[in-house]
$ cat target_3.cif   # mmCIF, C-alpha atoms
data_start
loop_
_atom_site.label_atom_id
_atom_site.label_comp_id
_atom_site.auth_asym_id
_atom_site.auth_seq_id
_atom_site.Cartn_x
_atom_site.Cartn_y
_atom_site.Cartn_z
CA MET A 66 71.80 -61.29 -46.91
CA THR A 67 74.12 -59.64 -49.43
CA ARG A 68 75.63 -56.51 -48.03
CA LEU A 69 76.25 -53.44 -50.11
CA TYR A 70 79.51 -51.52 -49.85
CA VAL A 71 79.79 -47.98 -51.10
CA ALA A 72 82.84 -45.84 -51.80
CA ARG A 73 83.28 -42.29 -52.97
CA ASN A 74 84.85 -42.09 -56.41
CA THR A 75 88.12 -40.33 -55.73
CA SER A 76 87.90 -38.46 -59.03
CA ALA A 77 84.73 -36.67 -57.91
CA ALA A 78 85.23 -33.33 -56.18
CA ALA A 79 83.11 -32.80 -53.08
CA ARG A 80 82.88 -29.80 -50.80
CA ALA A 81 80.64 -29.15 -47.79
CA LEU A 82 78.52 -26.02 -47.93
CA GLY A 83 76.70 -25.65 -44.62
CA GLU A 84 74.88 -28.91 -43.92
CA GLU A 85 74.78 -29.80 -47.60
CA THR A 86 77.50 -31.19 -49.81
CA MET A 87 78.15 -30.29 -53.41
CA VAL A 88 79.67 -33.03 -55.52
CA MET A 89 80.97 -32.54 -59.02
CA SER A 90 81.36 -35.41 -61.43
CA ALA A 91 84.81 -35.49 -62.97
CA ALA A 92 83.38 -37.09 -66.11
CA ASP A 93 81.08 -34.30 -67.20
CA SER A 94 81.29 -31.61 -64.47
CA THR A 95 77.67 -32.26 -63.47
CA LEU A 96 76.91 -30.86 -60.03
CA PHE A 97 74.94 -32.71 -57.37
CA THR A 98 73.68 -31.25 -54.14
CA LEU A 99 73.39 -33.70 -51.26
CA ASN A 100 71.09 -32.82 -48.39
CA GLU A 101 72.02 -33.33 -44.77
CA VAL A 102 71.21 -37.06 -44.64
CA ALA A 103 72.72 -37.79 -48.05
CA SER A 104 75.84 -35.90 -46.94
CA ILE A 105 76.15 -38.21 -43.93
CA ILE A 106 76.04 -41.27 -46.21
CA TRP A 107 78.54 -39.66 -48.59
CA GLU A 108 80.98 -38.96 -45.75
CA ALA A 109 80.63 -42.50 -44.42
CA ALA A 110 81.06 -44.16 -47.83
CA ASP A 111 84.54 -45.50 -47.14
CA GLY A 112 84.20 -48.71 -49.14
CA VAL A 113 84.57 -50.97 -46.12
CA THR A 114 81.53 -50.12 -43.99
CA PRO A 115 78.38 -51.81 -45.32
CA LEU A 116 75.53 -49.49 -46.23
CA ASP A 117 73.14 -51.08 -43.71
CA GLU A 118 75.65 -50.39 -40.95
CA ILE A 119 76.04 -46.78 -42.07
CA VAL A 120 72.27 -46.38 -42.05
CA ALA A 121 71.89 -47.97 -38.61
CA ASP A 122 74.75 -46.05 -36.96
CA LYS A 123 74.62 -42.69 -38.70
CA ILE A 124 70.99 -42.29 -39.73
CA CYS A 125 68.62 -44.33 -37.56
CA ALA A 126 70.51 -43.46 -34.39
CA HIS A 127 69.92 -39.76 -35.01
CA TYR A 128 66.72 -39.46 -37.05
CA ASP A 129 63.18 -40.68 -36.45
CA VAL A 130 63.05 -43.27 -39.20
CA THR A 131 62.75 -47.05 -39.28
CA PRO A 132 65.77 -49.05 -40.49
CA GLU A 133 63.74 -50.52 -43.36
CA VAL A 134 62.63 -47.16 -44.73
CA ALA A 135 66.04 -45.56 -44.17
CA LEU A 136 67.87 -48.40 -45.91
CA LYS A 137 65.47 -48.33 -48.88
CA ASP A 138 65.99 -44.59 -49.26
CA ALA A 139 69.76 -44.96 -48.88
CA GLU A 140 69.88 -47.68 -51.55
CA ALA A 141 67.95 -45.47 -53.95
CA LEU A 142 70.37 -42.62 -53.25
CA VAL A 143 73.56 -44.63 -53.71
CA ASN A 144 72.26 -46.33 -56.85
CA GLY A 145 71.44 -42.93 -58.34
CA LEU A 146 74.87 -41.51 -57.49
CA ALA A 147 76.57 -44.66 -58.78
CA GLU A 148 74.80 -44.24 -62.13
CA HIS A 149 76.53 -40.87 -62.41
CA GLY A 150 79.88 -42.42 -61.49
CA ILE A 151 80.46 -40.49 -58.30
CA LEU A 152 79.95 -43.50 -56.03
CA VAL A 153 81.23 -47.04 -56.50
CA LEU A 154 79.09 -49.98 -55.32
CA SER A 155 80.10 -53.55 -54.59
CA ASP A 156 78.92 -56.61 -52.69
CA GLN A 157 82.50 -56.94 -51.39
CA PRO A 158 84.54 -54.43 -49.39
CA LEU A 159 86.32 -52.11 -51.76
CA ALA A 160 90.07 -51.67 -51.64
CA ALA A 161 91.23 -48.07 -51.91
CA SER A 162 92.81 -48.80 -55.30
CA CYS A 163 89.43 -49.86 -56.75
CA ARG A 164 87.65 -46.59 -56.02
CA MET B 145 108.12 -15.36 -62.58
CA THR B 146 109.37 -15.12 -66.15
CA ALA B 147 109.73 -11.62 -67.51
CA ILE B 148 110.03 -10.86 -71.19
CA THR B 149 111.47 -7.49 -72.00
CA GLN B 150 112.30 -7.94 -75.65
CA SER B 151 110.86 -5.25 -77.87
CA SER B 152 108.39 -5.31 -80.81
CA GLY B 153 104.85 -6.58 -81.12
CA VAL B 154 101.87 -5.31 -79.17
CA VAL B 155 101.48 -5.79 -75.42
CA VAL B 156 97.83 -6.37 -74.50
CA GLU B 157 97.21 -6.06 -70.76
CA ILE B 158 93.91 -7.44 -69.46
CA GLY B 159 93.35 -7.86 -65.73
CA GLY B 160 96.84 -6.53 -65.09
CA LEU B 161 98.41 -9.37 -67.07
CA PRO B 162 100.56 -8.15 -69.97
CA ILE B 163 100.81 -10.49 -72.97
CA ARG B 164 102.96 -9.60 -75.96
CA LEU B 165 101.59 -10.51 -79.39
CA ARG B 166 104.07 -10.63 -82.25
CA CYS B 167 103.30 -10.99 -85.90
CA ASP B 168 105.11 -10.37 -89.18
CA SER B 169 102.06 -8.62 -90.56
CA ALA B 170 102.04 -4.91 -89.77
CA ASP B 171 98.41 -4.81 -90.89
CA PHE B 172 97.40 -7.40 -88.33
CA LEU B 173 99.35 -5.69 -85.55
CA TRP B 174 97.47 -2.53 -86.42
CA GLN B 175 94.19 -4.48 -86.19
CA ILE B 176 95.23 -5.76 -82.76
CA ARG B 177 95.96 -2.23 -81.57
CA GLU B 178 92.53 -1.13 -82.81
CA ARG B 179 90.69 -4.14 -81.36
CA TYR B 180 92.32 -3.85 -77.93
CA ALA B 181 92.45 -0.06 -77.72
CA GLY B 182 92.41 0.84 -74.05
CA TYR B 183 94.21 -2.38 -73.19
CA VAL B 184 97.42 -1.90 -75.17
CA GLY B 185 100.16 -1.54 -72.59
CA SER B 186 102.41 1.48 -72.57
CA ARG B 187 105.24 -0.55 -71.02
CA ASP B 188 107.46 -2.96 -72.92
CA TYR B 189 107.25 -5.58 -70.16
CA ALA B 190 105.18 -8.71 -70.79
CA ARG B 191 104.60 -11.83 -68.70
CA PHE B 192 103.94 -13.98 -71.77
CA ASP B 193 104.90 -13.83 -75.40
CA PHE B 194 102.88 -15.20 -78.32
CA GLU B 195 104.06 -15.43 -81.92
CA ILE B 196 101.16 -15.21 -84.36
CA GLU B 197 101.40 -16.88 -87.73
CA LEU B 198 98.64 -15.95 -90.14
CA ALA B 199 97.04 -18.73 -92.16
CA PRO B 200 95.08 -18.24 -95.37
CA PRO B 201 91.29 -18.14 -94.82
CA ASP B 202 90.77 -21.40 -96.72
CA ALA B 203 93.23 -23.24 -94.45
CA VAL B 204 90.77 -23.45 -91.60
CA SER B 205 87.25 -24.67 -90.98
CA SER B 206 84.82 -22.51 -89.02
CA ASP B 207 82.57 -25.21 -87.61
CA GLU B 208 84.94 -27.04 -85.30
CA ASP B 209 84.39 -26.77 -81.54
CA VAL B 210 87.10 -25.45 -79.29
CA ARG B 211 89.38 -28.08 -77.75
CA VAL B 212 91.86 -27.42 -74.98
CA ALA B 213 94.24 -30.00 -73.56
CA CYS B 214 97.45 -30.09 -71.56
CA GLN B 215 100.23 -32.31 -72.93
CA ALA B 216 103.68 -32.53 -71.40
CA GLY B 217 103.32 -29.16 -69.73
CA ARG B 218 102.07 -27.39 -72.87
CA TRP B 219 98.52 -26.20 -73.37
CA LEU B 220 97.14 -26.99 -76.81
CA MET B 221 94.15 -24.98 -77.99
CA GLN B 222 92.34 -25.61 -81.20
CA ARG B 223 89.21 -24.54 -83.03
CA GLY B 224 88.30 -24.38 -86.68
CA ASP B 225 89.83 -20.93 -87.06
CA PHE B 226 92.95 -21.28 -84.90
CA ARG B 227 95.55 -23.63 -83.49
CA ALA B 228 97.64 -22.47 -80.59
CA GLU B 229 100.08 -23.82 -78.07
CA TRP B 230 101.39 -22.24 -74.94
CA ASN B 231 104.05 -23.32 -72.50
CA PRO B 232 103.58 -21.55 -69.15
CA SER B 233 107.05 -22.54 -67.95
CA THR B 234 108.81 -20.84 -70.85
CA ALA B 235 106.17 -18.10 -70.98
CA ARG B 236 105.97 -18.49 -74.75
CA GLY B 237 103.33 -19.60 -77.18
CA ARG B 238 102.43 -19.77 -80.86
CA ILE B 239 99.14 -19.07 -82.56
CA GLN B 240 98.26 -20.05 -86.09
CA GLN B 241 95.07 -18.32 -87.14
CA THR B 242 93.28 -16.44 -89.85
CA ILE B 243 93.61 -12.67 -89.91
CA SER B 244 90.43 -12.20 -87.87
CA PRO B 245 91.04 -10.58 -84.47
CA TYR B 246 88.08 -12.61 -83.14
CA SER B 247 90.19 -15.77 -83.35
CA LEU B 248 92.79 -14.01 -81.22
CA ASP B 249 90.00 -13.01 -78.82
CA SER B 250 89.21 -16.67 -78.29
CA VAL B 251 92.83 -17.62 -77.66
CA LEU B 252 93.23 -14.78 -75.16
CA ARG B 253 90.06 -15.82 -73.32
CA ILE B 254 91.35 -19.38 -73.02
CA VAL B 255 94.79 -18.27 -71.85
CA HIS B 256 93.26 -15.95 -69.25
CA THR B 257 90.94 -18.68 -67.93
CA LEU B 258 93.97 -20.95 -67.47
CA LEU B 259 96.01 -18.26 -65.77
CA LEU B 260 93.19 -17.06 -63.54
CA ALA B 261 92.38 -20.60 -62.39
CA ARG B 262 95.86 -20.88 -60.86
CA GLN B 263 95.13 -17.84 -58.72
CA GLY B 264 91.53 -18.62 -57.74
CA GLY B 265 90.00 -16.28 -60.30
CA PHE B 266 87.85 -16.89 -63.36
CA LEU B 267 86.08 -15.39 -66.34
CA LEU B 268 82.32 -15.22 -65.91
CA HIS B 269 79.54 -14.80 -68.46
CA ALA B 270 78.40 -11.54 -66.92
CA SER B 271 78.21 -7.87 -67.54
CA SER B 272 79.91 -5.82 -64.85
CA ALA B 273 80.15 -2.24 -63.76
CA ILE B 274 81.68 -0.02 -61.11
CA ARG B 275 79.46 2.25 -59.06
CA ASN B 276 80.66 4.23 -56.04
CA GLY B 277 84.01 2.44 -56.19
CA ARG B 278 82.52 -1.05 -56.00
CA ALA B 279 81.96 -3.60 -58.74
CA PHE B 280 78.68 -5.37 -59.46
CA LEU B 281 78.39 -8.40 -61.76
CA PHE B 282 75.24 -9.42 -63.62
CA SER B 283 75.48 -13.01 -64.73
CA GLY B 284 73.38 -15.14 -67.02
CA VAL B 285 73.22 -16.99 -70.28
CA SER B 286 72.66 -15.29 -73.63
CA GLY B 287 69.36 -13.44 -73.54
CA ALA B 288 69.32 -13.11 -69.74
CA GLY B 289 69.78 -9.35 -69.92
CA LYS B 290 73.51 -8.72 -69.50
CA THR B 291 73.71 -6.22 -72.33
CA THR B 292 70.30 -4.74 -71.49
CA LEU B 293 71.51 -3.87 -68.00
CA ALA B 294 74.67 -2.35 -69.42
CA ARG B 295 72.64 -0.22 -71.82
CA LEU B 296 70.39 0.99 -68.99
CA ALA B 297 73.31 2.05 -66.79
CA PRO B 298 73.17 5.66 -65.57
CA PRO B 299 76.06 8.05 -66.29
CA ASP B 300 77.79 7.56 -62.93
CA VAL B 301 78.37 3.88 -63.74
CA ALA B 302 81.61 2.70 -65.36
CA LEU B 303 81.00 -0.35 -67.56
CA LEU B 304 83.65 -3.07 -67.36
CA THR B 305 82.05 -5.36 -69.96
CA ASP B 306 78.63 -6.42 -71.21
CA GLU B 307 79.68 -10.03 -71.81
CA ILE B 308 82.74 -11.52 -70.09
CA SER B 309 83.65 -10.38 -66.58
CA TYR B 310 87.17 -10.76 -65.25
CA VAL B 311 87.30 -11.93 -61.63
CA ILE B 312 90.62 -11.71 -59.78
CA ARG B 313 91.36 -13.19 -56.37
CA ARG B 314 93.84 -11.00 -54.56
CA GLU B 315 94.82 -11.31 -50.89
CA GLY B 316 91.63 -13.14 -49.95
CA SER B 317 89.22 -10.79 -51.66
CA TYR B 318 87.78 -10.56 -55.14
CA LEU B 319 88.07 -7.78 -57.69
CA ALA B 320 86.48 -7.26 -61.08
CA ALA B 321 88.55 -5.86 -63.94
CA GLY B 322 87.44 -4.43 -67.24
CA THR B 323 87.80 -6.50 -70.39
CA PRO B 324 87.84 -5.78 -74.11
CA PHE B 325 85.51 -8.77 -74.59
CA TYR B 326 82.09 -7.48 -75.53
CA GLY B 327 78.68 -8.77 -76.53
CA GLU B 328 75.86 -6.97 -78.30
CA LEU B 329 77.01 -3.63 -76.91
CA ALA B 330 79.97 -3.92 -79.29
CA GLN B 331 82.27 -1.75 -77.22
CA PRO B 332 85.11 -2.70 -74.89
CA GLY B 333 84.76 -2.09 -71.18
CA GLU B 334 86.73 0.50 -69.26
CA ASN B 335 90.17 -0.71 -68.23
CA ARG B 336 89.64 -0.34 -64.48
CA GLU B 337 89.20 -2.63 -61.49
CA ALA B 338 87.32 -2.51 -58.18
CA PRO B 339 86.41 -4.80 -55.28
CA ILE B 340 83.35 -6.90 -56.03
CA GLU B 341 80.34 -5.92 -53.94
CA GLY B 342 78.04 -8.62 -55.28
CA VAL B 343 76.95 -10.87 -58.10
CA PHE B 344 73.41 -10.96 -59.40
CA LEU B 345 72.07 -13.96 -61.29
CA LEU B 346 69.69 -12.42 -63.81
CA ALA B 347 66.04 -13.21 -64.34
CA LYS B 348 63.49 -11.16 -66.22
CA GLY B 349 60.17 -10.34 -64.57
CA PRO B 350 57.40 -7.77 -64.27
CA LYS B 351 59.10 -5.79 -61.50
CA ASN B 352 62.53 -5.24 -60.03
CA ALA B 353 63.52 -7.37 -57.05
CA ILE B 354 66.65 -8.69 -55.39
CA GLU B 355 66.24 -12.04 -53.61
CA PRO B 356 68.67 -14.12 -51.60
CA ILE B 357 69.49 -17.59 -52.88
CA SER B 358 71.02 -20.62 -51.15
CA GLY B 359 74.74 -21.23 -51.23
CA THR B 360 74.29 -24.28 -53.41
CA ASP B 361 72.14 -22.35 -55.89
CA ALA B 362 74.81 -19.65 -55.94
CA VAL B 363 77.53 -22.20 -56.74
CA ARG B 364 75.34 -23.78 -59.43
CA GLY B 365 74.63 -20.38 -60.93
CA LEU B 366 78.30 -19.46 -60.99
CA MET B 367 79.49 -22.81 -62.30
CA SER B 368 77.04 -22.68 -65.18
CA ASN B 369 78.39 -19.27 -66.20
CA ILE B 370 82.12 -19.61 -65.54
CA LEU B 371 84.12 -20.08 -68.72
CA PHE B 372 86.25 -23.17 -68.59
CA PHE B 373 87.40 -24.70 -71.79
CA ALA B 374 89.77 -27.29 -70.39
CA ARG B 375 88.32 -30.61 -69.18
CA ASP B 376 91.45 -31.49 -67.27
CA PRO B 377 90.14 -32.85 -63.89
CA GLN B 378 92.58 -30.80 -61.82
CA PHE B 379 91.62 -27.66 -63.67
CA VAL B 380 87.89 -28.32 -63.28
CA GLN B 381 88.32 -29.00 -59.57
CA ALA B 382 90.26 -25.75 -59.19
CA VAL B 383 87.37 -23.88 -60.82
CA PHE B 384 84.89 -25.66 -58.53
CA ASP B 385 86.94 -24.67 -55.47
CA SER B 386 87.13 -21.10 -56.72
CA ALA B 387 83.35 -20.93 -57.11
CA LEU B 388 82.85 -22.25 -53.58
CA ASP B 389 85.38 -19.85 -52.10
CA PHE B 390 83.85 -16.95 -54.03
CA VAL B 391 80.36 -17.76 -52.72
CA SER B 392 81.70 -17.84 -49.15
CA ARG B 393 83.08 -14.32 -49.53
CA VAL B 394 80.85 -12.44 -51.97
CA PRO B 395 77.04 -12.15 -51.86
CA VAL B 396 75.40 -13.88 -54.82
CA ARG B 397 71.70 -13.04 -55.24
CA ARG B 398 68.98 -13.21 -57.85
CA LEU B 399 68.03 -10.00 -59.62
CA THR B 400 64.67 -10.02 -61.34
CA PHE B 401 64.25 -6.94 -63.44
CA ALA B 402 61.93 -5.19 -65.81
CA PRO B 403 63.95 -3.69 -68.63
CA ASP B 404 63.91 -0.03 -67.62
CA ARG B 405 66.33 2.30 -65.89
CA SER B 406 64.67 1.93 -62.48
CA VAL B 407 66.53 -1.35 -61.94
CA TRP B 408 69.70 0.64 -61.29
CA GLU B 409 68.02 2.20 -58.21
CA LEU B 410 68.60 -1.18 -56.54
CA ILE B 411 72.28 -1.32 -57.51
CA VAL B 412 73.94 0.94 -54.97
#

$ encode --input "target_3.cif" --output "structure tokens"
Amino acid sequence: MTRLYVARNTSAAARALGEETMVMSAADSTLFTLNEVASIIWEAADGVTPLDEIVADKICAHYDVTPEVALKDAEALVNGLAEHGILVLSDQPLAASCR
Amino acid sequence: MTAITQSSGVVVEIGGLPIRLRCDSADFLWQIRERYAGYVGSRDYARFDFEIELAPPDAVSSDEDVRVACQAGRWLMQRGDFRAEWNPSTARGRIQQTISPYSLDSVLRIVHTLLLARQGGFLLHASSAIRNGRAFLFSGVSGAGKTTLARLAPPDVALLTDEISYVIRREGSYLAAGTPFYGELAQPGENREAPIEGVFLLAKGPKNAIEPISGTDAVRGLMSNILFFARDPQFVQAVFDSALDFVSRVPVRRLTFAPDRSVWELIV
């Protein structure tokens, strides 16, 4: 199974606001609001922890959701954020310099 | 801090920030005094000094968008009707423009956005007013009702602007200052300042109502109405941080209003 690694783009500005996180794209100043679960994935997106591990440890362990459904939702989320350039995706662990 | 005490020119002081404008043309200096009446400083002191060089009207194009960039410590600002550069470290700048004071308006707005961003403040598309010693801001895009609210203001209200509000961060709190930048009202605001009591994001509706909004909606509302010309990432992030800090300290709500004077009964 190919594992997916996710990293926050260091040029994006992100700030927590309550349980949500606001992220601003450096490219076009577009604002994104991440809900509580999306914020957890954002915080854990260190480039070296695979997405399935993040989902298992940070989501499924705390929310009533199956790993399959949670991972599918997480993949949709990270793909969407990657399209806007605020997350970087790779099938290899990401070195800090690549993010 | 760099202080310039040399004489001549006109010192225009907006938000407590004196900027001297020099020009060889006595006619244009007179126009500046007229345009910024109420904001022309009585002191000779200025924090920044701009030399204005007038260009013939046919030397510029009017359809170019504004561009602002920082190169080697200097801010470069350009639109069809002006070219300007400003070096914050020397506190000096140059403006090449046509004789229209509206070109100068644009340069001053840009310079103030850059200066305010360093201090956690910003310019906001909003009308603003002081009532009972506290400032209220009414923010929205063109057509949202900024000028309408200003026109409906009762006599005890001091109008600070009907178009561009000046937000200062001072010692952990926020103040609004009057500006000479106006919209359809076509008159400068009063040159006063007061602590900000609240910001209302405007919506038109059949009746008057104030509703709370989420913190994220408040930040979105502010960010879509804050003036920032520069796309420099550090600058944009500073503005983003300012909006977040502002929302954590000042109530931002939605004001739906019918265009009549009764709306001001809610603004107390």

$ residues_around --input "target_3.cif" --residues "A:Ile106" --least-positions-apart "2" --cutoff "10 Å" --atoms "all atoms listed in the file" --output "list in words"
Val71, Ala72, Arg73, Leu99, Glu101, Val102, Ala103, Ser104, Glu108, Ala109, Ala110, Asp111, Leu116, Ile119, Val120, Lys123, Ile124, Ala139, Leu142 and Val143 of chain A

$ resolve_selection --input "target_3.cif" --expression "the PyMOL selection byres ((chain A) within 9 of (chain B))" --output "tab-separated table (two decimals) with C-alpha atoms, keeping the file's coordinate frame"
chain	number	residue	atom	x	y	z
A	76	SER	CA	87.90	-38.46	-59.03
A	77	ALA	CA	84.73	-36.67	-57.91
A	78	ALA	CA	85.23	-33.33	-56.18
A	80	ARG	CA	82.88	-29.80	-50.80
A	82	LEU	CA	78.52	-26.02	-47.93
A	83	GLY	CA	76.70	-25.65	-44.62
A	85	GLU	CA	74.78	-29.80	-47.60
A	86	THR	CA	77.50	-31.19	-49.81
A	87	MET	CA	78.15	-30.29	-53.41
A	89	MET	CA	80.97	-32.54	-59.02
A	91	ALA	CA	84.81	-35.49	-62.97
A	92	ALA	CA	83.38	-37.09	-66.11
A	93	ASP	CA	81.08	-34.30	-67.20
A	94	SER	CA	81.29	-31.61	-64.47
A	96	LEU	CA	76.91	-30.86	-60.03
A	98	THR	CA	73.68	-31.25	-54.14

$ resolve_selection --input "target_3.cif" --expression "the PyMOL selection byres ((chain A and resi 153-160) around 10)" --output "list in words"
Thr67, Arg68, Leu69, Tyr70, Val71, Ala72, Arg73, Asn74, Thr75, Ala110, Asp111, Gly112, Val113, Thr114, Pro115, Leu116, Val143, Asn144, Leu146, Ala147, Glu148, His149, Gly150, Ile151, Leu152, Ala161, Ser162, Cys163 and Arg164 of chain A

$ closest_residue --input "target_3.cif" --among "B:Val251, B:Leu410, B:Ala288, B:Val396" --to "B:His269" --atoms "only C-alpha atoms"
B:Ala288

$ residues_around --input "target_3.cif" --residues "stretch 157-163 of chain B" --least-positions-apart "3" --cutoff "6 Å" --atoms "all atoms listed in the file" --output "CSV table (one decimal) with C-alpha atoms, in the coordinates of the input"
chain,number,residue,atom,x,y,z
B,183,TYR,CA,94.2,-2.4,-73.2
B,185,GLY,CA,100.2,-1.5,-72.6
B,190,ALA,CA,105.2,-8.7,-70.8
B,191,ARG,CA,104.6,-11.8,-68.7
B,192,PHE,CA,103.9,-14.0,-71.8
B,193,ASP,CA,104.9,-13.8,-75.4
B,321,ALA,CA,88.6,-5.9,-63.9

$ residues_near_point --input "target_3.cif" --point "(85.8, -0.8, -58.4)" --cutoff "10 Å" --atoms "only C-alpha atoms" --output "list in words"
Ala273, Ile274, Arg275, Asn276, Gly277, Arg278, Ala279, Phe280, Ala302, Leu304, Leu319, Ala320, Ala321, Gly322, Arg336, Glu337, Ala338, Pro339, Ile340 and Glu341 of chain B

$ write_last_selection --input "target_3.cif" --atoms "C-alpha atoms" --output "PDB file, in the frame of the given file"
ATOM      1  CA  ALA B 273      80.150  -2.240 -63.760  1.00  0.00           C
ATOM      2  CA  ILE B 274      81.680  -0.020 -61.110  1.00  0.00           C
ATOM      3  CA  ARG B 275      79.460   2.250 -59.060  1.00  0.00           C
ATOM      4  CA  ASN B 276      80.660   4.230 -56.040  1.00  0.00           C
ATOM      5  CA  GLY B 277      84.010   2.440 -56.190  1.00  0.00           C
ATOM      6  CA  ARG B 278      82.520  -1.050 -56.000  1.00  0.00           C
ATOM      7  CA  ALA B 279      81.960  -3.600 -58.740  1.00  0.00           C
ATOM      8  CA  PHE B 280      78.680  -5.370 -59.460  1.00  0.00           C
ATOM      9  CA  ALA B 302      81.610   2.700 -65.360  1.00  0.00           C
ATOM     10  CA  LEU B 304      83.650  -3.070 -67.360  1.00  0.00           C
ATOM     11  CA  LEU B 319      88.070  -7.780 -57.690  1.00  0.00           C
ATOM     12  CA  ALA B 320      86.480  -7.260 -61.080  1.00  0.00           C
ATOM     13  CA  ALA B 321      88.550  -5.860 -63.940  1.00  0.00           C
ATOM     14  CA  GLY B 322      87.440  -4.430 -67.240  1.00  0.00           C
ATOM     15  CA  ARG B 336      89.640  -0.340 -64.480  1.00  0.00           C
ATOM     16  CA  GLU B 337      89.200  -2.630 -61.490  1.00  0.00           C
ATOM     17  CA  ALA B 338      87.320  -2.510 -58.180  1.00  0.00           C
ATOM     18  CA  PRO B 339      86.410  -4.800 -55.280  1.00  0.00           C
ATOM     19  CA  ILE B 340      83.350  -6.900 -56.030  1.00  0.00           C
ATOM     20  CA  GLU B 341      80.340  -5.920 -53.940  1.00  0.00           C
TER      21      GLU B 341
END

$ resolve_selection --input "target_3.cif" --expression "the PyMOL selection byres ((chain B and resi 402) around 8)" --output "ChimeraX atom specification"
/B:348-352,400-401,403-404,407

$ atom_distance --input "target_3.cif" --atom1 "atom CA of B:Ser283" --atom2 "atom CA of B:Leu259"
21.2 Å

$ atom_distance --input "target_3.cif" --atom1 "atom CA of B:Ser286" --atom2 "atom CA of B:Leu371"
13.4 Å

$ atom_distance --input "target_3.cif" --atom1 "atom CA of B:Ser272" --atom2 "atom CA of B:Arg393"
17.8 Å

$ residues_around --input "target_3.cif" --residues "A:Val134" --least-positions-apart "6" --cutoff "12 Å" --atoms "all atoms listed in the file" --output "list in words"
Asp117, Val120, Ala121, Ile124, Cys125, Tyr128, Glu140 and Ala141 of chain A

$ closest_residue --input "target_3.cif" --among "B:Trp174, B:Phe344, B:Phe282, B:Phe266" --to "B:Pro395" --atoms "only C-alpha atoms"
B:Phe344

$ closest_residue --input "target_3.cif" --among "B:Ser152, B:Asn335, B:Thr305, B:Ser233" --to "B:Leu165" --atoms "only C-alpha atoms"
B:Ser152

$ closest_residue --input "target_3.cif" --among "B:Leu366, B:Ala294, B:Ala170, B:Ile176" --to "B:Ala330" --atoms "all atoms listed in the file"
B:Ala294

$ residues_around --input "target_3.cif" --residues "stretch 213-216 of chain B" --least-positions-apart "3" --cutoff "10 Å" --atoms "all atoms listed in the file" --output "PyMOL selection string"
chain B and resi 219-222+229-231+373-376

$ closest_residue --input "target_3.cif" --among "B:Phe325, B:Tyr318, B:Tyr189, B:Tyr180" --to "B:Ala387" --atoms "only C-alpha atoms"
B:Tyr318

$ residues_around --input "target_3.cif" --residues "B:Ala270" --least-positions-apart "4" --cutoff "7 Å" --atoms "only C-alpha atoms" --output "ChimeraX atom specification"
/B:281-284,290,306-309

$ closest_residue --input "target_3.cif" --among "B:Gly224, B:Pro332, B:Gly237, B:Gly365" --to "B:Arg211" --atoms "all atoms listed in the file"
B:Gly224

$ build_atoms --input "target_3.cif" --residues "stretch 97-107 of chain A" --atoms "N, CA and C atoms" --output "mmCIF file, in the coordinates of the input"
data_model
loop_
_atom_site.group_PDB
_atom_site.id
_atom_site.type_symbol
_atom_site.label_atom_id
_atom_site.label_comp_id
_atom_site.auth_asym_id
_atom_site.auth_seq_id
_atom_site.Cartn_x
_atom_site.Cartn_y
_atom_site.Cartn_z
ATOM 1 N N PHE A 97 75.989 -32.099 -58.179
ATOM 2 C CA PHE A 97 74.940 -32.710 -57.370
ATOM 3 C C PHE A 97 74.955 -32.036 -56.009
ATOM 4 N N THR A 98 73.771 -31.793 -55.488
ATOM 5 C CA THR A 98 73.680 -31.250 -54.140
ATOM 6 C C THR A 98 73.094 -32.315 -53.237
ATOM 7 N N LEU A 99 73.842 -32.681 -52.215
ATOM 8 C CA LEU A 99 73.390 -33.700 -51.260
ATOM 9 C C LEU A 99 72.840 -33.000 -50.027
ATOM 10 N N ASN A 100 71.655 -33.417 -49.597
ATOM 11 C CA ASN A 100 71.090 -32.820 -48.390
ATOM 12 C C ASN A 100 71.808 -33.364 -47.163
ATOM 13 N N GLU A 101 71.319 -32.984 -46.005
ATOM 14 C CA GLU A 101 72.020 -33.330 -44.770
ATOM 15 C C GLU A 101 72.202 -34.837 -44.618
ATOM 16 N N VAL A 102 71.129 -35.607 -44.833
ATOM 17 C CA VAL A 102 71.210 -37.060 -44.640
ATOM 18 C C VAL A 102 72.086 -37.699 -45.728
ATOM 19 N N ALA A 103 71.895 -37.255 -46.960
ATOM 20 C CA ALA A 103 72.720 -37.790 -48.050
ATOM 21 C C ALA A 103 74.197 -37.453 -47.819
ATOM 22 N N SER A 104 74.452 -36.286 -47.227
ATOM 23 C CA SER A 104 75.840 -35.900 -46.940
ATOM 24 C C SER A 104 76.462 -36.843 -45.916
ATOM 25 N N ILE A 105 75.639 -37.274 -44.955
ATOM 26 C CA ILE A 105 76.150 -38.210 -43.930
ATOM 27 C C ILE A 105 76.559 -39.528 -44.603
ATOM 28 N N ILE A 106 75.720 -40.004 -45.503
ATOM 29 C CA ILE A 106 76.040 -41.270 -46.210
ATOM 30 C C ILE A 106 77.286 -41.083 -47.072
ATOM 31 N N TRP A 107 77.371 -39.941 -47.745
ATOM 32 C CA TRP A 107 78.540 -39.660 -48.590
ATOM 33 C C TRP A 107 79.825 -39.688 -47.752
#
